[in-house]
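Participant: Structure: upload-v6.pdb, PDB, C-alpha atoms.
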ATOM      1  CA  MET J1043     105.044 127.717  68.984
ATOM      2  CA  LYS J1044     105.976 124.059  68.402
ATOM      3  CA  LYS J1045     103.469 123.111  71.123
ATOM      4  CA  TYR J1046     100.655 125.003  69.349
ATOM      5  CA  GLY J1047     101.581 123.405  66.048
ATOM      6  CA  SER J1048     101.327 119.944  67.565
ATOM      7  CA  LEU J1049      97.983 120.819  69.202
ATOM      8  CA  ILE J1050      96.563 122.159  65.925
ATOM      9  CA  GLY J1051      97.838 119.013  64.176
ATOM     10  CA  GLN J1052      96.060 116.787  66.710
ATOM     11  CA  LEU J1053      92.843 118.812  66.354
ATOM     12  CA  VAL J1054      92.934 118.551  62.554
ATOM     13  CA  ILE J1055      93.534 114.762  62.709
ATOM     14  CA  GLY J1056      90.698 114.397  65.258
ATOM     15  CA  ALA J1057      88.348 116.473  63.094
ATOM     16  CA  LEU J1058      89.190 114.418  59.973
ATOM     17  CA  ILE J1059      88.644 111.103  61.795
ATOM     18  CA  GLY J1060      85.354 112.436  63.199
ATOM     19  CA  PHE J1061      84.200 113.748  59.807
ATOM     20  CA  PHE J1062      84.989 110.606  57.822
ATOM     21  CA  GLY J1063      83.818 108.363  60.659
ATOM     22  CA  MET J1064      80.478 110.136  60.687
ATOM     23  CA  LEU J1065      80.236 109.879  56.881
ATOM     24  CA  ALA J1066      80.874 106.126  57.074
ATOM     25  CA  VAL J1067      78.249 105.667  59.795
ATOM     26  CA  LEU J1068      75.664 107.714  57.909
ATOM     27  CA  ASP J1069      76.385 105.845  54.694
ATOM     28  CA  GLY J1070      76.552 102.342  56.120
ATOM     29  CA  ASP J1071      73.513 100.260  56.977
ATOM     30  CA  PHE J1072      74.375  98.486  60.166
ATOM     31  CA  ARG J1073      72.599  98.238  63.491
ATOM     32  CA  ILE J1074      73.958  97.795  67.011
ATOM     33  CA  ASP J1075      71.931  95.409  69.156
ATOM     34  CA  LEU J1076      73.383  95.019  72.623
ATOM     35  CA  SER J1077      70.449  93.054  74.103
ATOM     36  CA  PRO J1078      72.119  89.593  73.762
ATOM     37  CA  TYR J1079      74.949  90.855  76.005
ATOM     38  CA  ALA J1080      72.687  92.299  78.686
ATOM     39  CA  TYR J1081      72.575  89.213  80.943
ATOM     40  CA  PRO J1082      76.297  88.256  80.865
ATOM     41  CA  GLY J1083      77.189  91.957  81.027
ATOM     42  CA  ASN J1084      74.984  92.410  84.078
ATOM     43  CA  LEU J1085      76.575  89.373  85.768
ATOM     44  CA  ILE J1086      80.091  90.729  85.170
ATOM     45  CA  ILE J1087      79.221  94.246  86.394
ATOM     46  CA  LEU J1088      77.474  92.882  89.486
ATOM     47  CA  ALA J1089      80.362  90.520  90.284
ATOM     48  CA  ALA J1090      82.799  93.444  89.995
ATOM     49  CA  ALA J1091      80.574  95.545  92.286
ATOM     50  CA  ALA J1092      80.417  92.697  94.842
ATOM     51  CA  VAL J1093      84.211  92.252  94.836
ATOM     52  CA  LEU J1094      84.731  96.007  95.264
ATOM     53  CA  ALA J1095      82.160  96.248  98.074
ATOM     54  CA  VAL J1096      83.778  93.349  99.965
ATOM     55  CA  PHE J1097      87.230  94.842  99.363
ATOM     56  CA  SER J1098      86.150  98.238 100.769
ATOM     57  CA  ALA J1099      84.744  96.497 103.876
ATOM     58  CA  TYR J1100      88.013  94.548 104.237
ATOM     59  CA  ARG J1101      90.010  97.779 104.019
ATOM     60  CA  TYR J1102      87.690  99.378 106.585
ATOM     61  CA  VAL J1103      88.429  96.594 109.065
ATOM     62  CA  SER J1104      92.174  96.714 108.332
ATOM     63  CA  ILE J1105      92.287 100.479 109.030
ATOM     64  CA  ARG J1106      90.487  99.953 112.364
ATOM     65  CA  ASN J1107      93.002  97.275 113.316
ATOM     66  CA  LEU J1108      95.975  99.394 112.252
ATOM     67  CA  ALA J1109      94.667 102.385 114.232
ATOM     68  CA  LYS J1110      94.495 100.250 117.399
ATOM     69  CA  GLN J1111      98.184  99.279 117.222
ATOM     70  CA  ASP J1112     100.553 101.016 119.596
ATOM     71  CA  LEU J1113     103.673 101.570 117.499
ATOM     72  CA  SER J1114     106.623 103.936 117.577
ATOM     73  CA  GLY J1115     109.496 105.137 115.371
ATOM     74  CA  GLU J1116     109.683 104.102 111.722
ATOM     75  CA  GLU J1117     106.992 101.457 112.270
ATOM     76  CA  GLU J1118     104.493 104.108 113.335
ATOM     77  CA  ASP J1119     105.219 106.189 110.207
ATOM     78  CA  ALA J1120     104.884 103.106 107.997
ATOM     79  CA  ALA J1121     101.575 102.136 109.651
ATOM     80  CA  GLU J1122     100.263 105.689 109.260
ATOM     81  CA  GLY J1123     101.198 105.619 105.558
ATOM     82  CA  ARG J1124      99.423 102.248 105.168
ATOM     83  CA  MET J1125      96.277 103.566 106.877
ATOM     84  CA  TYR J1126      96.265 106.586 104.578
ATOM     85  CA  ARG J1127      96.578 104.406 101.459
ATOM     86  CA  HIS J1128      94.005 101.883 102.744
ATOM     87  CA  TYR J1129      91.574 104.731 103.351
ATOM     88  CA  ALA J1130      91.980 105.920  99.742
ATOM     89  CA  ASP J1131      91.552 102.295  98.529
ATOM     90  CA  ALA J1132      88.371 101.844 100.567
ATOM     91  CA  SER J1133      86.920 105.166  99.353
ATOM     92  CA  LEU J1134      87.622 104.328  95.725
ATOM     93  CA  ALA J1135      86.321 100.748  96.024
ATOM     94  CA  SER J1136      83.054 101.794  97.709
ATOM     95  CA  THR J1137      82.457 104.570  95.144
ATOM     96  CA  LEU J1138      83.093 102.174  92.243
ATOM     97  CA  ALA J1139      80.856  99.555  93.899
ATOM     98  CA  ILE J1140      78.017 102.111  94.064
ATOM     99  CA  LEU J1141      78.528 103.098  90.419
ATOM    100  CA  PHE J1142      78.683  99.483  89.172
ATOM    101  CA  SER J1143      75.634  98.499  91.242
ATOM    102  CA  LEU J1144      73.750 101.454  89.752
ATOM    103  CA  ALA J1145      74.767 100.360  86.250
ATOM    104  CA  SER J1146      73.612  96.818  87.017
ATOM    105  CA  MET J1147      70.282  98.030  88.425
ATOM    106  CA  SER J1148      69.721 100.161  85.331
ATOM    107  CA  LEU J1149      70.394  97.116  83.150
ATOM    108  CA  SER J1150      67.987  95.015  85.204
ATOM    109  CA  LEU J1151      65.231  97.625  84.999
ATOM    110  CA  LEU J1152      65.634  98.475  81.312
ATOM    111  CA  THR J1153      66.117  94.963  79.899
ATOM    112  CA  THR J1154      64.541  91.595  80.673
ATOM    113  CA  GLN J1155      66.634  90.219  83.531
ATOM    114  CA  PRO J1156      66.058  87.759  86.385
ATOM    115  CA  LEU J1157      64.603  89.426  89.494
ATOM    116  CA  TRP J1158      67.458  88.204  91.719
ATOM    117  CA  LEU J1159      69.906  90.390  89.800
ATOM    118  CA  LEU J1160      67.863  93.489  90.605
ATOM    119  CA  ILE J1161      67.556  92.496  94.294
ATOM    120  CA  PHE J1162      71.271  91.697  94.534
ATOM    121  CA  GLY J1163      72.080  95.055  92.916
ATOM    122  CA  LEU J1164      69.874  96.843  95.460
ATOM    123  CA  VAL J1165      71.547  95.029  98.369
ATOM    124  CA  LEU J1166      74.992  95.913  97.009
ATOM    125  CA  ILE J1167      74.074  99.583  96.605
ATOM    126  CA  ALA J1168      72.786  99.726 100.192
ATOM    127  CA  PHE J1169      75.914  97.937 101.486
ATOM    128  CA  SER J1170      78.287 100.210  99.524
ATOM    129  CA  PHE J1171      76.440 103.323 100.679
ATOM    130  CA  ILE J1172      76.786 102.202 104.295
ATOM    131  CA  ILE J1173      80.532 101.625 103.853
ATOM    132  CA  SER J1174      81.077 105.004 102.166
ATOM    133  CA  GLY J1175      78.944 106.610 104.892
ATOM    134  CA  ILE J1176      80.907 105.144 107.805
ATOM    135  CA  LEU J1177      84.352 105.523 106.227
ATOM    136  CA  PRO J1178      84.813 109.219 107.159
ATOM    137  CA  GLY J1179      84.150 108.228 110.798
ATOM    138  CA  LEU J1180      87.434 106.275 110.674
ATOM    139  CA  MET J1181      89.338 109.565 110.465
ATOM    140  CA  LYS J1182      88.743 110.005 114.185
ATOM    141  CA  ASN J1183      90.449 106.637 114.805
ATOM    142  CA  MET J1184      93.269 107.445 112.391
ATOM    143  CA  TYR J1185      93.930 110.952 113.685
ATOM    144  CA  PRO J1186      92.591 111.140 117.270
ATOM    145  CA  GLU J1187      94.691 114.243 118.018
ATOM    146  CA  ARG J1188      93.114 116.276 115.210
ATOM    147  CA  ASP J1189      90.030 118.436 115.612
ATOM    148  CA  LEU J1190      87.965 116.873 112.837
ATOM    149  CA  PRO J1191      84.309 117.749 112.135
ATOM    150  CA  SER J1192      81.571 115.277 112.971
ATOM    151  CA  ILE J1193      80.331 113.200 110.018
ATOM    152  CA  THR J1194      76.764 114.189 110.938
ATOM    153  CA  ASP J1195      77.666 117.846 110.350
ATOM    154  CA  LYS J1196      75.789 119.255 107.345
ATOM    155  CA  LYS J1197      78.905 121.117 106.214
ATOM    156  CA  TYR J1198      81.194 118.118 106.827
ATOM    157  CA  ALA J1199      83.064 118.277 103.481
ATOM    158  CA  GLU J1200      83.596 122.048 103.729
ATOM    159  CA  LYS J1201      84.820 121.837 107.342
ATOM    160  CA  LEU J1202      87.099 118.893 106.545
ATOM    161  CA  LEU J1203      88.720 120.973 103.797
ATOM    162  CA  ASN J1204      89.160 123.847 106.248
ATOM    163  CA  VAL J1205      90.975 121.693 108.816
ATOM    164  CA  SER J1206      93.259 120.195 106.157
ATOM    165  CA  ASP J1207      96.723 121.737 106.151
ATOM    166  CA  ASP J1208      98.553 123.164 103.124
ATOM    167  CA  GLY J1209     100.315 119.887 102.323
ATOM    168  CA  GLU J1210      97.053 117.949 102.245
ATOM    169  CA  LYS J1211      95.431 120.692 100.135
ATOM    170  CA  HIS J1212      98.418 120.555  97.764
ATOM    171  CA  ILE J1213      97.813 116.801  97.278
ATOM    172  CA  MET J1214      94.061 117.318  96.770
ATOM    173  CA  LEU J1215      94.583 120.191  94.322
ATOM    174  CA  GLY J1216      96.910 118.116  92.139
ATOM    175  CA  GLY J1217      94.415 115.230  92.053
ATOM    176  CA  LEU J1218      91.381 117.432  91.472
ATOM    177  CA  TYR J1219      93.008 119.439  88.687
ATOM    178  CA  LYS J1220      93.968 116.289  86.794
ATOM    179  CA  THR J1221      90.469 114.874  87.377
ATOM    180  CA  HIS J1222      88.843 118.070  86.080
ATOM    181  CA  ILE J1223      90.819 117.925  82.843
ATOM    182  CA  THR J1224      90.243 114.172  82.394
ATOM    183  CA  MET J1225      86.524 114.487  83.096
ATOM    184  CA  ASN J1226      86.134 117.288  80.538
ATOM    185  CA  SER J1227      87.869 115.250  77.825
ATOM    186  CA  LEU J1228      86.018 112.028  78.658
ATOM    187  CA  LEU J1229      82.599 113.676  78.712
ATOM    188  CA  LEU J1230      83.288 115.392  75.387
ATOM    189  CA  GLY J1231      84.292 111.985  74.013
ATOM    190  CA  ALA J1232      81.098 110.500  75.481
ATOM    191  CA  ILE J1233      78.981 113.054  73.572
ATOM    192  CA  VAL J1234      80.650 112.065  70.290
ATOM    193  CA  LEU J1235      80.247 108.356  71.134
ATOM    194  CA  LEU J1236      76.556 108.789  71.985
ATOM    195  CA  LEU J1237      76.041 110.663  68.742
ATOM    196  CA  PHE J1238      77.614 107.791  66.770
ATOM    197  CA  TYR J1239      75.612 105.249  68.761
ATOM    198  CA  SER J1240      72.348 107.151  68.128
ATOM    199  CA  ILE J1241      72.963 107.097  64.385
ATOM    200  CA  ALA J1242      74.238 103.507  64.218
ATOM    201  CA  SER J1243      71.565 101.961  66.451
ATOM    202  CA  ASP J1244      68.667 104.181  65.364
ATOM    203  CA  SER J1245      67.972 104.788  69.025
ATOM    204  CA  SER J1246      68.204 108.470  69.927
ATOM    205  CA  GLN J1247      70.530 109.276  72.835
ATOM    206  CA  LEU J1248      69.670 112.980  72.627
ATOM    207  CA  PHE J1249      68.472 113.075  76.248
ATOM    208  CA  SER J1250      71.823 111.701  77.515
ATOM    209  CA  ILE J1251      73.725 114.103  75.241
ATOM    210  CA  PHE J1252      71.840 117.088  76.681
ATOM    211  CA  ILE J1253      72.403 115.840  80.237
ATOM    212  CA  ILE J1254      76.168 115.596  79.618
ATOM    213  CA  VAL J1255      76.245 119.025  77.956
ATOM    214  CA  GLY J1256      74.414 120.399  81.033
ATOM    215  CA  ILE J1257      76.916 118.767  83.422
ATOM    216  CA  LEU J1258      79.864 120.129  81.435
ATOM    217  CA  ALA J1259      78.346 123.612  81.321
ATOM    218  CA  ILE J1260      77.650 123.662  85.084
ATOM    219  CA  THR J1261      80.999 122.218  86.244
ATOM    220  CA  ASN J1262      83.086 124.408  83.930
ATOM    221  CA  THR J1263      81.149 127.525  84.889
ATOM    222  CA  GLN J1264      81.586 126.645  88.587
ATOM    223  CA  TYR J1265      85.341 126.121  88.127
ATOM    224  CA  GLN J1266      85.920 129.281  86.080
ATOM    225  CA  PHE J1267      83.856 131.431  88.459
ATOM    226  CA  SER J1268      85.648 130.044  91.515
ATOM    227  CA  ILE J1269      89.062 131.022  90.086
ATOM    228  CA  ARG J1270      87.857 134.232  88.397
ATOM    229  CA  ASN J1271      86.443 135.809  91.549
ATOM    230  CA  LYS J1272      89.615 135.437  93.635
TER
ATOM    231  CA  MET A 807     115.122 124.101  98.328
ATOM    232  CA  LYS A 808     116.957 121.838 100.749
ATOM    233  CA  THR A 809     115.518 120.893 104.107
ATOM    234  CA  ARG A 810     117.214 119.599 107.220
ATOM    235  CA  LEU A 811     114.027 118.009 108.535
ATOM    236  CA  LYS A 812     115.314 114.434 108.483
ATOM    237  CA  GLU A 813     118.555 115.390 110.194
ATOM    238  CA  LEU A 814     116.780 117.456 112.867
ATOM    239  CA  ARG A 815     114.221 114.721 113.483
ATOM    240  CA  ALA A 816     117.018 112.216 113.976
ATOM    241  CA  ARG A 817     118.757 114.586 116.402
ATOM    242  CA  LEU A 818     115.544 114.937 118.410
ATOM    243  CA  GLY A 819     114.790 111.211 118.076
ATOM    244  CA  ILE A 820     111.294 111.689 116.692
ATOM    245  CA  ASN A 821     109.511 110.152 113.718
ATOM    246  CA  GLN A 822     107.417 111.955 111.089
ATOM    247  CA  THR A 823     104.176 111.227 112.955
ATOM    248  CA  GLU A 824     105.539 112.751 116.162
ATOM    249  CA  LEU A 825     106.841 115.841 114.354
ATOM    250  CA  ALA A 826     103.436 116.225 112.689
ATOM    251  CA  LYS A 827     101.688 115.986 116.074
ATOM    252  CA  ARG A 828     104.006 118.519 117.703
ATOM    253  CA  ALA A 829     103.754 120.989 114.805
ATOM    254  CA  LYS A 830     100.003 120.350 114.457
ATOM    255  CA  ILE A 831     100.276 119.464 110.787
ATOM    256  CA  SER A 832      99.692 116.194 108.917
ATOM    257  CA  ARG A 833     102.297 113.451 108.474
ATOM    258  CA  GLN A 834     101.657 113.599 104.717
ATOM    259  CA  THR A 835     102.848 117.222 104.765
ATOM    260  CA  VAL A 836     106.014 116.305 106.670
ATOM    261  CA  SER A 837     106.667 113.484 104.223
ATOM    262  CA  LEU A 838     106.069 115.743 101.174
ATOM    263  CA  ILE A 839     108.460 118.409 102.529
ATOM    264  CA  GLU A 840     111.165 115.834 103.302
ATOM    265  CA  ARG A 841     110.866 114.401  99.786
ATOM    266  CA  GLY A 842     111.160 117.919  98.343
ATOM    267  CA  GLU A 843     107.738 117.655  96.700
ATOM    268  CA  PHE A 844     106.151 120.546  98.559
ATOM    269  CA  MET A 845     107.440 123.930  99.623
ATOM    270  CA  PRO A 846     105.822 124.718 102.978
ATOM    271  CA  SER A 847     103.852 127.884 103.624
ATOM    272  CA  LEU A 848     105.311 130.425 106.039
ATOM    273  CA  LEU A 849     102.887 129.199 108.721
ATOM    274  CA  ILE A 850     103.919 125.536 108.409
ATOM    275  CA  ALA A 851     107.618 126.448 108.188
ATOM    276  CA  THR A 852     107.298 128.507 111.391
ATOM    277  CA  LYS A 853     105.434 125.720 113.197
ATOM    278  CA  ILE A 854     108.193 123.253 112.272
ATOM    279  CA  ALA A 855     110.925 125.715 113.231
ATOM    280  CA  ARG A 856     109.346 126.114 116.678
ATOM    281  CA  VAL A 857     109.444 122.348 117.269
ATOM    282  CA  PHE A 858     113.178 122.274 116.537
ATOM    283  CA  LYS A 859     113.829 125.656 118.184
ATOM    284  CA  GLU A 860     115.778 126.720 115.103
ATOM    285  CA  PRO A 861     115.338 129.720 112.772
ATOM    286  CA  VAL A 862     113.259 128.943 109.670
ATOM    287  CA  GLU A 863     116.180 129.743 107.337
ATOM    288  CA  GLU A 864     118.352 127.200 109.150
ATOM    289  CA  ILE A 865     115.860 124.419 108.352
ATOM    290  CA  PHE A 866     114.764 125.404 104.860
ATOM    291  CA  GLN A 867     117.692 126.483 102.729
ATOM    292  CA  PHE A 868     117.527 127.918  99.232
ATOM    293  CA  GLU A 869     120.234 127.873  96.595
ATOM    294  CA  GLU A 870     121.418 131.369  95.609
ATOM    295  CA  GLU A 871     120.028 130.705  92.096
ATOM    296  CA  GLU A 872     116.502 130.157  93.494
ATOM    297  CA  LEU A 873     116.519 133.559  95.201
ATOM    298  CA  LYS A 874     117.487 135.553  92.099
TER
END
Once more with this new file: its structure as structure tokens, please.
Facilitator:
Amino acid sequence: MKKYGSLIGQLVIGALIGFFGMLAVLDGDFRIDLSPYAYPGNLIILAAAAVLAVFSAYRYVSIRNLAKQDLSGEEEDAAEGRMYRHYADASLASTLAILFSLASMSLSLLTTQPLWLLIFGLVLIAFSFIISGILPGLMKNMYPERDLPSITDKKYAEKLLNVSDDGEKHIMLGGLYKTHITMNSLLLGAIVLLLFYSIASDSSQLFSIFIIVGILAITNTQYQFSIRNK
Amino acid sequence: MKTRLKELRARLGINQTELAKRAKISRQTVSLIERGEFMPSLLIATKIARVFKEPVEEIFQFEEEELK
């Protein structure tokens, strides 16, 4: 009961902030112009993407080297743990590099930016895609004794999940459940933010709002149906 | 739940990676079980028990309170 009270309290506070915030925005006469920040912003995003892409490649090489080592005892366990963590690092870094490069390319295409930024963004996207494409192939080096699916297999992700044991699935489930909840909250927040931005900048973000609503509707329906039909 | 995995591994002189290979499970799973962060399924518990040639209930032990 105390838990519900606290939740209702948080909802009421959130609703009041939203209501009065919206009133202030509607009443005020201010404009948001982000164009002066486009060039430095693009440079920062692209630099971050480049660092992440290089880092993922570095991790890729380090996993290959670790997999070649012939170790035993505690050292072997420690090396296996390092490979596992390096693999997660490389996956995350290459995914973030792709996302940041995409953001940079969008900035370059939608605002007036030097051509080299667009070209560099394209090169980074291609490089990051290659890294994220070849990363799963490392699993064969990391776990040669396991019967893993080929990365060229059309159902690679599905088959990889099938060959994962209960412990690995337990780890994935924990991560995915947290991600699902975080993503729902963040996307809901993004809708509110886009609404405020549309009003404050006089530039309608309705298209983006509908896209996010569509994503939320699809992913939540998929999740609820997958647990409902079991 | 208490496990005797570490003790049995030491007796057999094998590391987590070797136990994982012999039981055909992942090292992450062995590590999670040893840390008490994951209760193994019956299949995994049986696979591990076969490696050590011990009954499952000798490796994975529950407190009386947990079984009530």
Participant: Using all atoms listed in the file, find which residues of chain A lie within 10 Å of chain J and jot them down as a list in words.
Facilitator: Gly819, Ile820, Asn821, Gln822, Thr823, Glu824, Lys827, Lys830, Ile831, Ser832, Arg833, Gln834, Thr835, Val836, Ser837, Leu838, Ile839, Glu843, Phe844, Met845, Pro846, Ser847, Leu849 and Ile850 of chain A
Participant: Between atom CA of J:Tyr1239 and atom CA of J:Gly1256, what is the distance in Å, rounded to a tenth?
Facilitator: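 Taking atom CA of J:Tyr1239 as the start and atom CA of J:Gly1256 as the end point, the length is 19.5 Å.
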Participant: Tell me which residues the PyMOL selection byres ((chain A and resi 855) around 12) grabs here, as a ChimeraX atom specification.
Facilitator: /A:809-811,814-815,825,828-829,846,848-854,856-866
Participant: Around all the atoms of stretch 1123-1133 of chain J listed in the file, draw an axis-aligned box and extend it by 3 Å on each of the six sides; I want its centre and edge lengths in Å to one decimal, as AutoDock Vina command-line options.
Facilitator:
--center_x 94.1 --center_y 104.2 --center_z 102.7 --size_x 20.3 --size_y 10.7 --size_z 14.3
Participant: What's the 9 Å shell around J:Leu1236, counting only C-alpha atoms, without same-chain residues fewer than 2 positions away, as a compact mmCIF listing (two decimals) with C-alpha atoms, in the frame of the given file?
Facilitator:
# COMPACT_ATOMS: atom_id res chain seq x y z
CA GLY J 1231 84.29 111.98 74.01
CA ALA J 1232 81.10 110.50 75.48
CA ILE J 1233 78.98 113.05 73.57
CA VAL J 1234 80.65 112.06 70.29
CA PHE J 1238 77.61 107.79 66.77
CA TYR J 1239 75.61 105.25 68.76
CA SER J 1240 72.35 107.15 68.13
CA ILE J 1241 72.96 107.10 64.39
CA SER J 1246 68.20 108.47 69.93
CA GLN J 1247 70.53 109.28 72.83
CA LEU J 1248 69.67 112.98 72.63
CA SER J 1250 71.82 111.70 77.52
CA ILE J 1251 73.72 114.10 75.24
Participant: Please check which residues have atoms at most 12 Å from (87.4, 97.5, 105.7) in the file's coordinates, counting only C-alpha atoms, and write them as a ChimeraX atom specification.
Facilitator: /J:1094-1108,1125,1128-1133,1135-1136,1170,1172-1174,1176-1177,1180
Participant: Please produce an output containing C-alpha atoms for each residue in the selection, written as a tab-separated table (two decimals), in the coordinates of the input.
Facilitator:
chain	number	residue	atom	x	y	z
J	1094	LEU	CA	84.73	96.01	95.26
J	1095	ALA	CA	82.16	96.25	98.07
J	1096	VAL	CA	83.78	93.35	99.96
J	1097	PHE	CA	87.23	94.84	99.36
J	1098	SER	CA	86.15	98.24	100.77
J	1099	ALA	CA	84.74	96.50	103.88
J	1100	TYR	CA	88.01	94.55	104.24
J	1101	ARG	CA	90.01	97.78	104.02
J	1102	TYR	CA	87.69	99.38	106.58
J	1103	VAL	CA	88.43	96.59	109.06
J	1104	SER	CA	92.17	96.71	108.33
J	1105	ILE	CA	92.29	100.48	109.03
J	1106	ARG	CA	90.49	99.95	112.36
J	1107	ASN	CA	93.00	97.28	113.32
J	1108	LEU	CA	95.98	99.39	112.25
J	1125	MET	CA	96.28	103.57	106.88
J	1128	HIS	CA	94.00	101.88	102.74
J	1129	TYR	CA	91.57	104.73	103.35
J	1130	ALA	CA	91.98	105.92	99.74
J	1131	ASP	CA	91.55	102.30	98.53
J	1132	ALA	CA	88.37	101.84	100.57
J	1133	SER	CA	86.92	105.17	99.35
J	1135	ALA	CA	86.32	100.75	96.02
J	1136	SER	CA	83.05	101.79	97.71
J	1170	SER	CA	78.29	100.21	99.52
J	1172	ILE	CA	76.79	102.20	104.30
J	1173	ILE	CA	80.53	101.62	103.85
J	1174	SER	CA	81.08	105.00	102.17
J	1176	ILE	CA	80.91	105.14	107.80
J	1177	LEU	CA	84.35	105.52	106.23
J	1180	LEU	CA	87.43	106.28	110.67
Participant: Which residues, written as a list in words, have at least one atom at most 10 Å from J:Lys1182, with only C-alpha atoms counted and residues fewer than 3 positions away on the same chain left out?
Facilitator: Ala1109, Pro1178, Gly1179, Tyr1185, Pro1186, Glu1187, Arg1188, Asp1189, Leu1190, Pro1191, Ser1192 and Ile1193 of chain J
Participant: For the residues selected in the previous step, produce a file with C-alpha atoms as a PDB file, keeping the file's coordinate frame.
Facilitator:
ATOM      1  CA  ALA J1109      94.667 102.385 114.232  1.00  0.00           C
ATOM      2  CA  PRO J1178      84.813 109.219 107.159  1.00  0.00           C
ATOM      3  CA  GLY J1179      84.150 108.228 110.798  1.00  0.00           C
ATOM      4  CA  TYR J1185      93.930 110.952 113.685  1.00  0.00           C
ATOM      5  CA  PRO J1186      92.591 111.140 117.270  1.00  0.00           C
ATOM      6  CA  GLU J1187      94.691 114.243 118.018  1.00  0.00           C
ATOM      7  CA  ARG J1188      93.114 116.276 115.210  1.00  0.00           C
ATOM      8  CA  ASP J1189      90.030 118.436 115.612  1.00  0.00           C
ATOM      9  CA  LEU J1190      87.965 116.873 112.837  1.00  0.00           C
ATOM     10  CA  PRO J1191      84.309 117.749 112.135  1.00  0.00           C
ATOM     11  CA  SER J1192      81.571 115.277 112.971  1.00  0.00           C
ATOM     12  CA  ILE J1193      80.331 113.200 110.018  1.00  0.00           C
TER      13      ILE J1193
END
Participant: With distances taken over all atoms listed in the file, which of J:Ser1227, J:Leu1203, J:Phe1162, J:Thr1153 is nearest to J:Leu1076?
Facilitator: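 For J:Leu1076, the nearest of the given residues is J:Thr1153.
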Participant: Suppose you want the space between atom CA of J:Ile1087 and atom CA of J:Leu1159; what is it in Å?
Facilitator: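 Computing it gives 10.6 Å between the two atoms.
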Participant: Between atom CA of J:Tyr1265 and atom CA of J:Leu1141, measure the distance and give it in Å to one decimal.
Facilitator: 24.1 Å
Participant: Give me the residues within 8 Å of A:Phe868 as a PyMOL selection string, counting only C-alpha atoms and dropping any in the same chain fewer than 5 places off.
Facilitator: chain A and resi 807-808+873
Participant: If you count all atoms listed in the file, which residues fall within 12 Å of J:Ser1146, apart from same-chain ones fewer than 5 positions away, as a VMD selection string?
Facilitator: chain J and resid 1080 to 1092 1139 to 1141 1151 to 1153 1155 to 1167
Participant: Between J:Leu1237, J:Leu1258, J:Ala1199, J:Ile1059, which is the closest to J:Ile1223 once you count all atoms listed in the file?
Facilitator: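 Checking each of J:Leu1237, J:Leu1258, J:Ala1199, J:Ile1059 against J:Ile1223, counting all atoms listed in the file, the winner is J:Leu1258.
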